[in-house]
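Peer 1: Just run_25.pdb, nothing more (PDB, C-alpha atoms, pLDDT in the B column):
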```
MODEL        1
ATOM      1  CA  MET A  19      14.442 -54.553   5.850  1.00 35.00           C
ATOM      2  CA  LEU A  20      17.882 -55.779   6.923  1.00 32.00           C
ATOM      3  CA  TRP A  21      20.452 -53.246   8.041  1.00 39.00           C
ATOM      4  CA  CYS A  22      24.225 -53.423   8.055  1.00 42.00           C
ATOM      5  CA  ALA A  23      26.450 -52.483  10.993  1.00 39.00           C
ATOM      6  CA  VAL A  24      26.442 -48.742  10.258  1.00 45.00           C
ATOM      7  CA  GLY A  25      22.726 -48.522   9.582  1.00 47.00           C
ATOM      8  CA  ILE A  26      22.836 -48.601   5.764  1.00 48.00           C
ATOM      9  CA  PRO A  27      20.238 -50.851   4.084  1.00 50.00           C
ATOM     10  CA  ILE A  28      21.650 -54.008   2.552  1.00 46.00           C
ATOM     11  CA  CYS A  29      20.152 -53.007  -0.816  1.00 46.00           C
ATOM     12  CA  VAL A  30      22.234 -49.811  -0.736  1.00 49.00           C
ATOM     13  CA  VAL A  31      25.377 -51.663   0.322  1.00 45.00           C
ATOM     14  CA  ASP A  32      24.943 -54.060  -2.578  1.00 43.00           C
ATOM     15  CA  THR A  33      25.174 -51.173  -5.073  1.00 50.00           C
ATOM     16  CA  MET A  34      28.370 -49.730  -3.543  1.00 52.00           C
ATOM     17  CA  SER A  35      31.909 -50.617  -4.592  1.00 57.00           C
ATOM     18  CA  PRO A  36      34.164 -52.089  -1.891  1.00 62.00           C
ATOM     19  CA  ASP A  37      36.263 -48.903  -1.889  1.00 61.00           C
ATOM     20  CA  ARG A  38      33.240 -46.672  -1.367  1.00 58.00           C
ATOM     21  CA  LEU A  39      31.859 -48.936   1.348  1.00 60.00           C
ATOM     22  CA  ILE A  40      35.177 -48.686   3.216  1.00 61.00           C
ATOM     23  CA  ILE A  41      35.162 -44.889   2.807  1.00 63.00           C
ATOM     24  CA  GLU A  42      31.619 -44.560   4.149  1.00 63.00           C
ATOM     25  CA  PHE A  43      32.295 -46.893   7.069  1.00 60.00           C
ATOM     26  CA  ASP A  44      35.461 -44.961   7.899  1.00 61.00           C
ATOM     27  CA  ARG A  45      33.484 -41.700   7.728  1.00 66.00           C
ATOM     28  CA  ALA A  46      31.008 -43.071  10.262  1.00 64.00           C
ATOM     29  CA  LEU A  47      33.715 -44.238  12.668  1.00 61.00           C
ATOM     30  CA  ARG A  48      35.625 -40.951  12.463  1.00 63.00           C
ATOM     31  CA  THR A  49      32.483 -38.889  13.002  1.00 67.00           C
ATOM     32  CA  VAL A  50      31.409 -40.757  16.125  1.00 68.00           C
ATOM     33  CA  PHE A  51      34.708 -41.707  17.762  1.00 62.00           C
ATOM     34  CA  ALA A  52      37.549 -39.514  16.445  1.00 64.00           C
ATOM     35  CA  ALA A  53      38.280 -35.887  17.307  1.00 71.00           C
ATOM     36  CA  ALA A  54      36.945 -33.544  14.626  1.00 73.00           C
ATOM     37  CA  HIS A  55      39.259 -31.059  12.924  1.00 76.00           C
ATOM     38  CA  THR A  56      38.483 -27.584  11.635  1.00 78.00           C
ATOM     39  CA  VAL A  57      39.911 -25.753   8.637  1.00 79.00           C
ATOM     40  CA  ARG A  58      38.050 -22.513   9.224  1.00 86.00           C
ATOM     41  CA  PRO A  59      39.026 -20.298  12.187  1.00 90.00           C
ATOM     42  CA  VAL A  60      37.112 -21.176  15.353  1.00 92.00           C
ATOM     43  CA  PRO A  61      34.533 -18.423  15.960  1.00 92.00           C
ATOM     44  CA  GLY A  62      35.289 -16.479  19.122  1.00 90.00           C
ATOM     45  CA  ALA A  63      38.733 -18.055  19.571  1.00 88.00           C
ATOM     46  CA  ALA A  64      40.293 -14.636  20.237  1.00 90.00           C
ATOM     47  CA  PHE A  65      37.719 -13.700  22.870  1.00 93.00           C
ATOM     48  CA  PRO A  66      38.684 -13.968  26.543  1.00 91.00           C
ATOM     49  CA  GLU A  67      37.144 -16.745  28.606  1.00 89.00           C
ATOM     50  CA  SER A  68      34.138 -15.571  30.586  1.00 88.00           C
ATOM     51  CA  THR A  69      33.764 -16.088  34.315  1.00 89.00           C
ATOM     52  CA  LEU A  70      30.891 -18.527  34.803  1.00 91.00           C
ATOM     53  CA  ASP A  71      29.610 -19.856  38.085  1.00 92.00           C
ATOM     54  CA  GLU A  72      29.146 -23.622  38.363  1.00 93.00           C
ATOM     55  CA  LYS A  73      25.464 -23.544  37.476  1.00 93.00           C
ATOM     56  CA  GLU A  74      26.131 -21.450  34.359  1.00 94.00           C
ATOM     57  CA  ARG A  75      29.057 -23.653  33.345  1.00 94.00           C
ATOM     58  CA  ARG A  76      26.965 -26.820  33.590  1.00 94.00           C
ATOM     59  CA  HIS A  77      24.183 -25.184  31.590  1.00 95.00           C
ATOM     60  CA  VAL A  78      26.536 -24.031  28.820  1.00 95.00           C
ATOM     61  CA  VAL A  79      28.148 -27.490  28.695  1.00 95.00           C
ATOM     62  CA  GLY A  80      24.688 -29.028  28.365  1.00 94.00           C
ATOM     63  CA  LEU A  81      23.747 -26.678  25.530  1.00 95.00           C
ATOM     64  CA  MET A  82      27.012 -27.250  23.663  1.00 94.00           C
ATOM     65  CA  ARG A  83      26.678 -31.013  24.187  1.00 94.00           C
ATOM     66  CA  VAL A  84      23.245 -30.819  22.550  1.00 93.00           C
ATOM     67  CA  ASN A  85      24.752 -28.841  19.666  1.00 92.00           C
ATOM     68  CA  HIS A  86      27.606 -31.332  19.272  1.00 91.00           C
ATOM     69  CA  CYS A  87      25.107 -34.188  19.286  1.00 87.00           C
ATOM     70  CA  GLY A  88      23.082 -32.345  16.657  1.00 86.00           C
ATOM     71  CA  GLU A  89      26.153 -32.123  14.452  1.00 85.00           C
ATOM     72  CA  ILE A  90      26.729 -35.869  14.840  1.00 86.00           C
ATOM     73  CA  CYS A  91      23.157 -36.333  13.607  1.00 84.00           C
ATOM     74  CA  ALA A  92      23.693 -33.848  10.768  1.00 81.00           C
ATOM     75  CA  GLN A  93      26.774 -35.730   9.553  1.00 80.00           C
ATOM     76  CA  ALA A  94      24.798 -38.965   9.525  1.00 82.00           C
ATOM     77  CA  LEU A  95      21.816 -37.399   7.755  1.00 82.00           C
ATOM     78  CA  TYR A  96      23.971 -35.900   5.016  1.00 81.00           C
ATOM     79  CA  GLN A  97      25.849 -39.160   4.572  1.00 80.00           C
ATOM     80  CA  GLY A  98      22.647 -41.160   4.248  1.00 81.00           C
ATOM     81  CA  GLN A  99      21.060 -38.631   1.912  1.00 80.00           C
ATOM     82  CA  ALA A 100      24.135 -38.478  -0.325  1.00 77.00           C
ATOM     83  CA  LEU A 101      24.266 -42.280  -0.501  1.00 78.00           C
ATOM     84  CA  THR A 102      20.780 -42.505  -1.981  1.00 78.00           C
ATOM     85  CA  SER A 103      20.535 -39.254  -3.974  1.00 76.00           C
ATOM     86  CA  ARG A 104      20.046 -39.786  -7.703  1.00 76.00           C
ATOM     87  CA  ASP A 105      21.539 -36.449  -8.777  1.00 79.00           C
ATOM     88  CA  THR A 106      25.300 -35.849  -8.844  1.00 82.00           C
ATOM     89  CA  SER A 107      24.960 -32.101  -8.258  1.00 80.00           C
ATOM     90  CA  ILE A 108      22.782 -32.735  -5.205  1.00 79.00           C
ATOM     91  CA  ARG A 109      25.262 -35.282  -3.843  1.00 79.00           C
ATOM     92  CA  ASP A 110      28.030 -32.697  -4.263  1.00 79.00           C
ATOM     93  CA  ALA A 111      25.947 -30.060  -2.453  1.00 78.00           C
ATOM     94  CA  LEU A 112      25.263 -32.487   0.383  1.00 77.00           C
ATOM     95  CA  ARG A 113      28.952 -33.295   0.713  1.00 78.00           C
ATOM     96  CA  SER A 114      29.794 -29.580   0.787  1.00 76.00           C
ATOM     97  CA  ALA A 115      27.239 -28.975   3.529  1.00 76.00           C
ATOM     98  CA  ALA A 116      28.626 -31.961   5.439  1.00 75.00           C
ATOM     99  CA  ASP A 117      32.040 -30.278   5.406  1.00 76.00           C
ATOM    100  CA  ASP A 118      30.499 -27.288   7.212  1.00 76.00           C
ATOM    101  CA  GLU A 119      28.930 -29.644   9.733  1.00 78.00           C
ATOM    102  CA  THR A 120      32.361 -31.174  10.377  1.00 83.00           C
ATOM    103  CA  GLU A 121      33.585 -27.697  11.273  1.00 86.00           C
ATOM    104  CA  HIS A 122      30.651 -27.296  13.669  1.00 90.00           C
ATOM    105  CA  LEU A 123      31.492 -30.655  15.185  1.00 88.00           C
ATOM    106  CA  ALA A 124      35.051 -29.510  15.877  1.00 90.00           C
ATOM    107  CA  TRP A 125      33.975 -26.136  17.297  1.00 94.00           C
ATOM    108  CA  THR A 126      31.429 -27.572  19.713  1.00 94.00           C
ATOM    109  CA  GLU A 127      33.777 -30.369  20.771  1.00 92.00           C
ATOM    110  CA  LEU A 128      36.493 -27.800  21.526  1.00 93.00           C
ATOM    111  CA  ARG A 129      34.114 -25.629  23.545  1.00 94.00           C
ATOM    112  CA  ILE A 130      32.897 -28.590  25.588  1.00 94.00           C
ATOM    113  CA  SER A 131      36.512 -29.473  26.379  1.00 93.00           C
ATOM    114  CA  GLU A 132      37.359 -25.879  27.331  1.00 93.00           C
ATOM    115  CA  LEU A 133      34.487 -25.913  29.812  1.00 94.00           C
ATOM    116  CA  GLY A 134      35.518 -29.245  31.320  1.00 93.00           C
ATOM    117  CA  GLY A 135      32.516 -31.155  29.977  1.00 93.00           C
ATOM    118  CA  ARG A 136      32.022 -34.370  28.005  1.00 90.00           C
ATOM    119  CA  LYS A 137      30.321 -35.367  24.793  1.00 88.00           C
ATOM    120  CA  SER A 138      26.997 -37.201  24.784  1.00 87.00           C
ATOM    121  CA  LEU A 139      26.981 -40.913  25.531  1.00 84.00           C
ATOM    122  CA  LEU A 140      24.174 -41.243  22.973  1.00 84.00           C
ATOM    123  CA  ASN A 141      26.265 -40.229  19.951  1.00 85.00           C
ATOM    124  CA  PRO A 142      26.711 -43.722  18.428  1.00 85.00           C
ATOM    125  CA  LEU A 143      23.014 -44.551  18.742  1.00 85.00           C
ATOM    126  CA  LEU A 144      21.884 -41.194  17.370  1.00 83.00           C
ATOM    127  CA  TYR A 145      24.317 -41.489  14.474  1.00 84.00           C
ATOM    128  CA  LEU A 146      22.807 -44.808  13.433  1.00 84.00           C
ATOM    129  CA  GLY A 147      19.273 -43.486  13.704  1.00 82.00           C
ATOM    130  CA  SER A 148      20.061 -40.326  11.740  1.00 81.00           C
ATOM    131  CA  LEU A 149      21.920 -42.250   9.039  1.00 82.00           C
ATOM    132  CA  SER A 150      18.874 -44.470   8.609  1.00 81.00           C
ATOM    133  CA  LEU A 151      16.613 -41.420   8.310  1.00 80.00           C
ATOM    134  CA  GLY A 152      18.940 -39.899   5.729  1.00 81.00           C
ATOM    135  CA  VAL A 153      18.907 -43.070   3.648  1.00 82.00           C
ATOM    136  CA  PHE A 154      15.109 -43.235   3.889  1.00 81.00           C
ATOM    137  CA  ALA A 155      14.750 -39.591   2.823  1.00 78.00           C
ATOM    138  CA  GLY A 156      16.989 -40.208  -0.176  1.00 76.00           C
ATOM    139  CA  VAL A 157      15.030 -43.281  -1.232  1.00 80.00           C
ATOM    140  CA  LEU A 158      11.862 -41.158  -1.417  1.00 80.00           C
ATOM    141  CA  GLY A 159      13.396 -39.082  -4.207  1.00 80.00           C
ATOM    142  CA  ASP A 160      15.556 -35.990  -4.434  1.00 82.00           C
ATOM    143  CA  LYS A 161      12.822 -33.378  -3.982  1.00 85.00           C
ATOM    144  CA  TRP A 162      11.681 -35.020  -0.720  1.00 85.00           C
ATOM    145  CA  ASN A 163      15.274 -35.674   0.258  1.00 81.00           C
ATOM    146  CA  LEU A 164      15.979 -31.945  -0.063  1.00 85.00           C
ATOM    147  CA  GLY A 165      12.677 -31.044   1.567  1.00 87.00           C
ATOM    148  CA  PHE A 166      13.662 -33.070   4.609  1.00 83.00           C
ATOM    149  CA  LEU A 167      17.029 -31.302   4.653  1.00 84.00           C
ATOM    150  CA  ALA A 168      15.485 -27.831   4.353  1.00 88.00           C
ATOM    151  CA  GLU A 169      13.016 -28.463   7.172  1.00 89.00           C
ATOM    152  CA  THR A 170      15.743 -29.947   9.363  1.00 87.00           C
ATOM    153  CA  GLU A 171      17.861 -26.831   8.902  1.00 87.00           C
ATOM    154  CA  ARG A 172      14.910 -24.526   9.640  1.00 90.00           C
ATOM    155  CA  GLN A 173      14.295 -26.349  12.891  1.00 89.00           C
ATOM    156  CA  VAL A 174      18.002 -26.284  13.752  1.00 89.00           C
ATOM    157  CA  GLU A 175      18.055 -22.536  13.116  1.00 90.00           C
ATOM    158  CA  ALA A 176      15.174 -22.065  15.568  1.00 91.00           C
ATOM    159  CA  HIS A 177      16.911 -24.308  18.071  1.00 90.00           C
ATOM    160  CA  LEU A 178      20.140 -22.267  17.825  1.00 94.00           C
ATOM    161  CA  ASP A 179      18.176 -19.029  18.208  1.00 94.00           C
ATOM    162  CA  ASP A 180      16.839 -20.439  21.472  1.00 93.00           C
ATOM    163  CA  HIS A 181      20.354 -21.322  22.615  1.00 94.00           C
ATOM    164  CA  LEU A 182      21.526 -17.780  21.917  1.00 94.00           C
ATOM    165  CA  ARG A 183      18.775 -16.573  24.217  1.00 94.00           C
ATOM    166  CA  GLN A 184      19.830 -19.033  26.926  1.00 94.00           C
ATOM    167  CA  LEU A 185      23.607 -18.587  26.820  1.00 94.00           C
ATOM    168  CA  PRO A 186      25.064 -16.159  29.380  1.00 94.00           C
ATOM    169  CA  ALA A 187      25.407 -12.700  27.860  1.00 91.00           C
ATOM    170  CA  ASP A 188      29.119 -12.502  28.682  1.00 91.00           C
ATOM    171  CA  ASP A 189      30.003 -15.948  27.263  1.00 94.00           C
ATOM    172  CA  ALA A 190      31.241 -14.470  23.988  1.00 94.00           C
ATOM    173  CA  LYS A 191      33.140 -17.616  22.957  1.00 95.00           C
ATOM    174  CA  SER A 192      30.090 -19.903  23.053  1.00 95.00           C
ATOM    175  CA  ARG A 193      27.835 -17.260  21.518  1.00 96.00           C
ATOM    176  CA  ALA A 194      30.206 -16.735  18.571  1.00 96.00           C
ATOM    177  CA  ILE A 195      30.239 -20.451  17.793  1.00 95.00           C
ATOM    178  CA  VAL A 196      26.467 -20.829  17.977  1.00 95.00           C
ATOM    179  CA  ASP A 197      25.871 -17.695  15.904  1.00 95.00           C
ATOM    180  CA  GLN A 198      28.173 -18.865  13.092  1.00 94.00           C
ATOM    181  CA  MET A 199      26.568 -22.302  13.151  1.00 93.00           C
ATOM    182  CA  ARG A 200      23.182 -20.613  12.780  1.00 93.00           C
ATOM    183  CA  LEU A 201      24.349 -18.650   9.726  1.00 92.00           C
ATOM    184  CA  ASP A 202      25.713 -21.816   8.103  1.00 89.00           C
ATOM    185  CA  GLU A 203      22.453 -23.716   8.719  1.00 88.00           C
ATOM    186  CA  ILE A 204      20.489 -20.925   7.021  1.00 91.00           C
ATOM    187  CA  GLN A 205      22.722 -21.302   3.970  1.00 88.00           C
ATOM    188  CA  HIS A 206      22.165 -25.066   3.938  1.00 86.00           C
ATOM    189  CA  ALA A 207      18.386 -24.589   3.932  1.00 88.00           C
ATOM    190  CA  GLU A 208      18.681 -22.077   1.100  1.00 89.00           C
ATOM    191  CA  MET A 209      20.855 -24.526  -0.830  1.00 86.00           C
ATOM    192  CA  ALA A 210      18.230 -27.249  -0.479  1.00 86.00           C
ATOM    193  CA  ILE A 211      15.460 -24.923  -1.664  1.00 89.00           C
ATOM    194  CA  ALA A 212      17.563 -23.759  -4.625  1.00 87.00           C
ATOM    195  CA  HIS A 213      18.015 -27.395  -5.693  1.00 84.00           C
ATOM    196  CA  GLY A 214      14.248 -28.036  -5.709  1.00 86.00           C
ATOM    197  CA  ALA A 215      13.262 -29.028  -2.183  1.00 86.00           C
ATOM    198  CA  ALA A 216       9.613 -29.985  -1.710  1.00 87.00           C
ATOM    199  CA  GLU A 217       7.592 -28.623   1.215  1.00 89.00           C
ATOM    200  CA  LEU A 218       7.019 -31.388   3.736  1.00 87.00           C
ATOM    201  CA  PRO A 219       3.522 -32.144   5.069  1.00 88.00           C
ATOM    202  CA  GLN A 220       2.710 -30.595   8.447  1.00 91.00           C
ATOM    203  CA  VAL A 221       2.497 -34.017  10.094  1.00 90.00           C
ATOM    204  CA  ALA A 222       6.080 -34.748   9.038  1.00 85.00           C
ATOM    205  CA  LYS A 223       7.288 -31.399  10.387  1.00 87.00           C
ATOM    206  CA  PHE A 224       5.517 -32.055  13.688  1.00 89.00           C
ATOM    207  CA  ALA A 225       7.058 -35.527  13.985  1.00 87.00           C
ATOM    208  CA  MET A 226      10.503 -34.058  13.358  1.00 83.00           C
ATOM    209  CA  LYS A 227       9.963 -31.465  16.103  1.00 86.00           C
ATOM    210  CA  VAL A 228       8.897 -34.125  18.588  1.00 87.00           C
ATOM    211  CA  ALA A 229      11.909 -36.314  17.765  1.00 83.00           C
ATOM    212  CA  ALA A 230      14.248 -33.317  18.066  1.00 83.00           C
ATOM    213  CA  ARG A 231      12.771 -32.371  21.430  1.00 86.00           C
ATOM    214  CA  VAL A 232      13.377 -35.882  22.781  1.00 85.00           C
ATOM    215  CA  MET A 233      16.951 -35.878  21.470  1.00 83.00           C
ATOM    216  CA  THR A 234      17.863 -32.450  22.847  1.00 85.00           C
ATOM    217  CA  SER A 235      16.355 -32.996  26.295  1.00 84.00           C
ATOM    218  CA  THR A 236      18.174 -36.330  26.629  1.00 87.00           C
ATOM    219  CA  ALA A 237      21.525 -35.208  25.213  1.00 86.00           C
ATOM    220  CA  TYR A 238      21.524 -32.183  27.541  1.00 85.00           C
ATOM    221  CA  ARG A 239      21.934 -34.583  30.459  1.00 86.00           C
ATOM    222  CA  LEU A 240      23.601 -37.623  28.906  1.00 84.00           C
TER     223      LEU A 240
ENDMDL
END
```
As structure tokens, how would this structure be written, given the file I've shared?

Peer 2:
Amino acid sequence: MLWCAVGIPICVVDTMSPDRLIIEFDRALRTVFAAAHTVRPVPGAAFPESTLDEKERRHVVGLMRVNHCGEICAQALYQGQALTSRDTSIRDALRSAADDETEHLAWTELRISELGGRKSLLNPLLYLGSLSLGVFAGVLGDKWNLGFLAETERQVEAHLDDHLRQLPADDAKSRAIVDQMRLDEIQHAEMAIAHGAAELPQVAKFAMKVAARVMTSTAYRL
């Protein structure tokens, strides 16, 4: 199958109006290259900055870089899934969830900057890969599309639980951001189930875990 510059199949592009194609391309560029903006208050913004030694600071930066990279992937997944969903109500739900992910993107980006770190160099590549997966999930049909979303959010929840265990106990600012992200991801999974998500086969869940492990271990460093 041929793919366009932002990872959307040519057959999908052919069904899109020029205006919508421009909007989706602009969404991709802004997600990967522009600074994200938040409407909701940043969790933990009022908390004082903790005193971290250099090893702790590097570790927290690595964890928040992984979380930021995950939000890049989430934006791409939602975009791809919304592009190929057949149900208007599901597309609206996906767009609403994507708005939450934009907030997460802004929060993690801010925290990385506060700690003197940088975003992942892999963001453009991971965006393209995640967008392709989202499109593929949507092509399979809405129940599998939502099933993929629900399982993704369950795995993200577990991943954020692990980060809460790893973050320094006195780093209240980072912990507040991760905890609120976790609560939002739970709601996204519940939304997918409420809209009729199918349960994915175990082999698919395992493959998703392996892919996530590769992404997180790489983004932590790069």

Peer 1: With only C-alpha atoms as the basis for distance, which of A:Leu240, A:Leu95, A:Leu182, A:Ala54 is at the shortest distance from A:Ala194?

Peer 2: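 The shortest atom-to-atom distance to A:Ala194 comes from A:Leu182.
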
Peer 1: Need the axis-aligned box for stretch 91-105 of chain A with 8 Å each side, so what are the centre and edges in Å to one decimal, as JSON?

Peer 2:
```
{"center_x": 23.4, "center_y": -38.2, "center_z": 2.4, "size_x": 22.7, "size_y": 24.7, "size_z": 38.4}
```

Peer 1: Enumerate, as a ChimeraX atom specification, the residues matched when the PyMOL selection byres ((chain A and resi 225-231) around 12) is run on the file above.

Peer 2: /A:84-85,87-88,91-92,144,147-148,151,166-167,169-174,176-177,218-224,232-238

Peer 1: Compare A:Gly214, A:Gly134, A:Gly80, A:Gly165 by their minimum atom-to-atom distance to A:Ser107, counting all atoms listed in the file, and give me the closest one.

Peer 2: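 Under the stated criterion, the closest residue is A:Gly214.
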
Peer 1: Take atom CA of A:Asp117 and atom CA of A:Gln205 and report the distance between them in Å, one decimal.

Peer 2: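 Going from atom CA of A:Asp117 over to atom CA of A:Gln205 covers 13.0 Å.
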
Peer 1: Could you tell me how far atom CA of A:Trp162 sits from atom CA of A:Met209, in Å to one decimal place?

Peer 2: 13.9 Å

Peer 1: Quick one: pull the distance between atom CA of A:Glu89 and atom CA of A:Leu149, Å, one decimal.

Peer 2: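 A separation of 12.2 Å between them.
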
Peer 1: Return as a PyMOL selection string the set of residues that the PyMOL selection byres ((chain A and resi 86) around 12) yields on the displayed structure.

Peer 2: chain A and resi 49-50+53-54+79-85+87-93+119-131+135-141+144-145+178+195-196+199+233-234+237-238

Peer 1: Next, the residues of the selection above should be written as a CSV table (one decimal), keeping the file's coordinate frame with C-alpha atoms.

Peer 2:
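In the end it all went to again35.csv:
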```
chain,number,residue,atom,x,y,z
A,49,THR,CA,32.5,-38.9,13.0
A,50,VAL,CA,31.4,-40.8,16.1
A,53,ALA,CA,38.3,-35.9,17.3
A,54,ALA,CA,36.9,-33.5,14.6
A,79,VAL,CA,28.1,-27.5,28.7
A,80,GLY,CA,24.7,-29.0,28.4
A,81,LEU,CA,23.7,-26.7,25.5
A,82,MET,CA,27.0,-27.2,23.7
A,83,ARG,CA,26.7,-31.0,24.2
A,84,VAL,CA,23.2,-30.8,22.6
A,85,ASN,CA,24.8,-28.8,19.7
A,87,CYS,CA,25.1,-34.2,19.3
A,88,GLY,CA,23.1,-32.3,16.7
A,89,GLU,CA,26.2,-32.1,14.5
A,90,ILE,CA,26.7,-35.9,14.8
A,91,CYS,CA,23.2,-36.3,13.6
A,92,ALA,CA,23.7,-33.8,10.8
A,93,GLN,CA,26.8,-35.7,9.6
A,119,GLU,CA,28.9,-29.6,9.7
A,120,THR,CA,32.4,-31.2,10.4
A,121,GLU,CA,33.6,-27.7,11.3
A,122,HIS,CA,30.7,-27.3,13.7
A,123,LEU,CA,31.5,-30.7,15.2
A,124,ALA,CA,35.1,-29.5,15.9
A,125,TRP,CA,34.0,-26.1,17.3
A,126,THR,CA,31.4,-27.6,19.7
A,127,GLU,CA,33.8,-30.4,20.8
A,128,LEU,CA,36.5,-27.8,21.5
A,129,ARG,CA,34.1,-25.6,23.5
A,130,ILE,CA,32.9,-28.6,25.6
A,131,SER,CA,36.5,-29.5,26.4
A,135,GLY,CA,32.5,-31.2,30.0
A,136,ARG,CA,32.0,-34.4,28.0
A,137,LYS,CA,30.3,-35.4,24.8
A,138,SER,CA,27.0,-37.2,24.8
A,139,LEU,CA,27.0,-40.9,25.5
A,140,LEU,CA,24.2,-41.2,23.0
A,141,ASN,CA,26.3,-40.2,20.0
A,144,LEU,CA,21.9,-41.2,17.4
A,145,TYR,CA,24.3,-41.5,14.5
A,178,LEU,CA,20.1,-22.3,17.8
A,195,ILE,CA,30.2,-20.5,17.8
A,196,VAL,CA,26.5,-20.8,18.0
A,199,MET,CA,26.6,-22.3,13.2
A,233,MET,CA,17.0,-35.9,21.5
A,234,THR,CA,17.9,-32.4,22.8
A,237,ALA,CA,21.5,-35.2,25.2
A,238,TYR,CA,21.5,-32.2,27.5
```

Peer 1: Using all atoms listed in the file, find the one residue out of A:Leu133, A:Ala155, A:Ala168, A:Ile211 that sits nearest to A:Val78.

Peer 2: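 Going through A:Leu133, A:Ala155, A:Ala168, A:Ile211 one by one, the smallest distance to A:Val78 is for A:Leu133.
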
Peer 1: What lies within 7 Å of A:Lys191 using all atoms listed in the file, ignoring chain neighbours under 4 positions off, as an mmCIF file with C-alpha atoms, in the coordinates of the input?

Peer 2:
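Below you can see selection_37.cif, which holds the result:
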```cif
data_model
loop_
_atom_site.group_PDB
_atom_site.id
_atom_site.type_symbol
_atom_site.label_atom_id
_atom_site.label_comp_id
_atom_site.auth_asym_id
_atom_site.auth_seq_id
_atom_site.Cartn_x
_atom_site.Cartn_y
_atom_site.Cartn_z
ATOM 1 C CA GLY A 62 35.289 -16.479 19.122
ATOM 2 C CA ALA A 63 38.733 -18.055 19.571
ATOM 3 C CA PHE A 65 37.719 -13.700 22.870
ATOM 4 C CA GLU A 67 37.144 -16.745 28.606
ATOM 5 C CA ILE A 195 30.239 -20.451 17.793
#
```

Peer 1: Quick one: apply the PyMOL selection byres ((chain A and resi 156) around 10) to the file and drop the selected residues here as a PyMOL selection string.

Peer 2: chain A and resi 95-96+98-104+150-155+157-164+166

Peer 1: My list of candidates is A:Arg239, A:Ser192, A:Asp202, A:Lys73. Which is closest to A:Pro61 when distances are computed with all atoms listed in the file?

Peer 2: A:Ser192

Peer 1: Using the block above, I'd like stretch 174-178 of chain A written out, keeping all heavy atoms and formatting it as a PDB file, in the first residue's frame.

Peer 2:
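Final output, saved to part27.pdb:
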```pdb
ATOM      1  N   VAL A 174      -1.192   1.968  28.977  1.00  0.00           N
ATOM      2  CA  VAL A 174      -0.649   3.264  29.380  1.00  0.00           C
ATOM      3  C   VAL A 174      -0.879   3.490  30.875  1.00  0.00           C
ATOM      4  O   VAL A 174      -0.006   4.001  31.583  1.00  0.00           O
ATOM      5  CB  VAL A 174      -1.280   4.409  28.558  1.00  0.00           C
ATOM      6  CG1 VAL A 174      -0.890   5.772  29.133  1.00  0.00           C
ATOM      7  CG2 VAL A 174      -0.848   4.316  27.101  1.00  0.00           C
ATOM      8  N   GLU A 175      -2.056   3.108  31.359  1.00  0.00           N
ATOM      9  CA  GLU A 175      -2.334   3.231  32.788  1.00  0.00           C
ATOM     10  C   GLU A 175      -1.305   2.455  33.610  1.00  0.00           C
ATOM     11  O   GLU A 175      -0.766   2.964  34.614  1.00  0.00           O
ATOM     12  CB  GLU A 175      -3.738   2.715  33.097  1.00  0.00           C
ATOM     13  CG  GLU A 175      -4.099   2.790  34.570  1.00  0.00           C
ATOM     14  CD  GLU A 175      -5.363   2.029  34.926  1.00  0.00           C
ATOM     15  OE1 GLU A 175      -6.069   1.569  33.995  1.00  0.00           O
ATOM     16  OE2 GLU A 175      -5.648   1.872  36.128  1.00  0.00           O
ATOM     17  N   ALA A 176      -1.015   1.227  33.200  1.00  0.00           N
ATOM     18  CA  ALA A 176      -0.027   0.412  33.916  1.00  0.00           C
ATOM     19  C   ALA A 176       1.358   1.056  33.846  1.00  0.00           C
ATOM     20  O   ALA A 176       2.110   1.062  34.830  1.00  0.00           O
ATOM     21  CB  ALA A 176       0.003  -0.992  33.328  1.00  0.00           C
ATOM     22  N   HIS A 177       1.668   1.596  32.699  1.00  0.00           N
ATOM     23  CA  HIS A 177       2.956   2.261  32.501  1.00  0.00           C
ATOM     24  C   HIS A 177       3.079   3.486  33.408  1.00  0.00           C
ATOM     25  O   HIS A 177       4.125   3.728  34.037  1.00  0.00           O
ATOM     26  CB  HIS A 177       3.060   2.620  31.014  1.00  0.00           C
ATOM     27  CG  HIS A 177       3.844   3.848  30.690  1.00  0.00           C
ATOM     28  ND1 HIS A 177       5.204   3.845  30.538  1.00  0.00           N
ATOM     29  CD2 HIS A 177       3.450   5.126  30.473  1.00  0.00           C
ATOM     30  CE1 HIS A 177       5.616   5.071  30.230  1.00  0.00           C
ATOM     31  NE2 HIS A 177       4.585   5.853  30.199  1.00  0.00           N
ATOM     32  N   LEU A 178       2.002   4.262  33.551  1.00  0.00           N
ATOM     33  CA  LEU A 178       2.031   5.444  34.416  1.00  0.00           C
ATOM     34  C   LEU A 178       2.082   5.049  35.891  1.00  0.00           C
ATOM     35  O   LEU A 178       2.716   5.745  36.701  1.00  0.00           O
ATOM     36  CB  LEU A 178       0.813   6.330  34.131  1.00  0.00           C
ATOM     37  CG  LEU A 178       0.787   6.978  32.740  1.00  0.00           C
ATOM     38  CD1 LEU A 178      -0.518   7.719  32.521  1.00  0.00           C
ATOM     39  CD2 LEU A 178       1.970   7.916  32.547  1.00  0.00           C
TER      40      LEU A 178
END
```
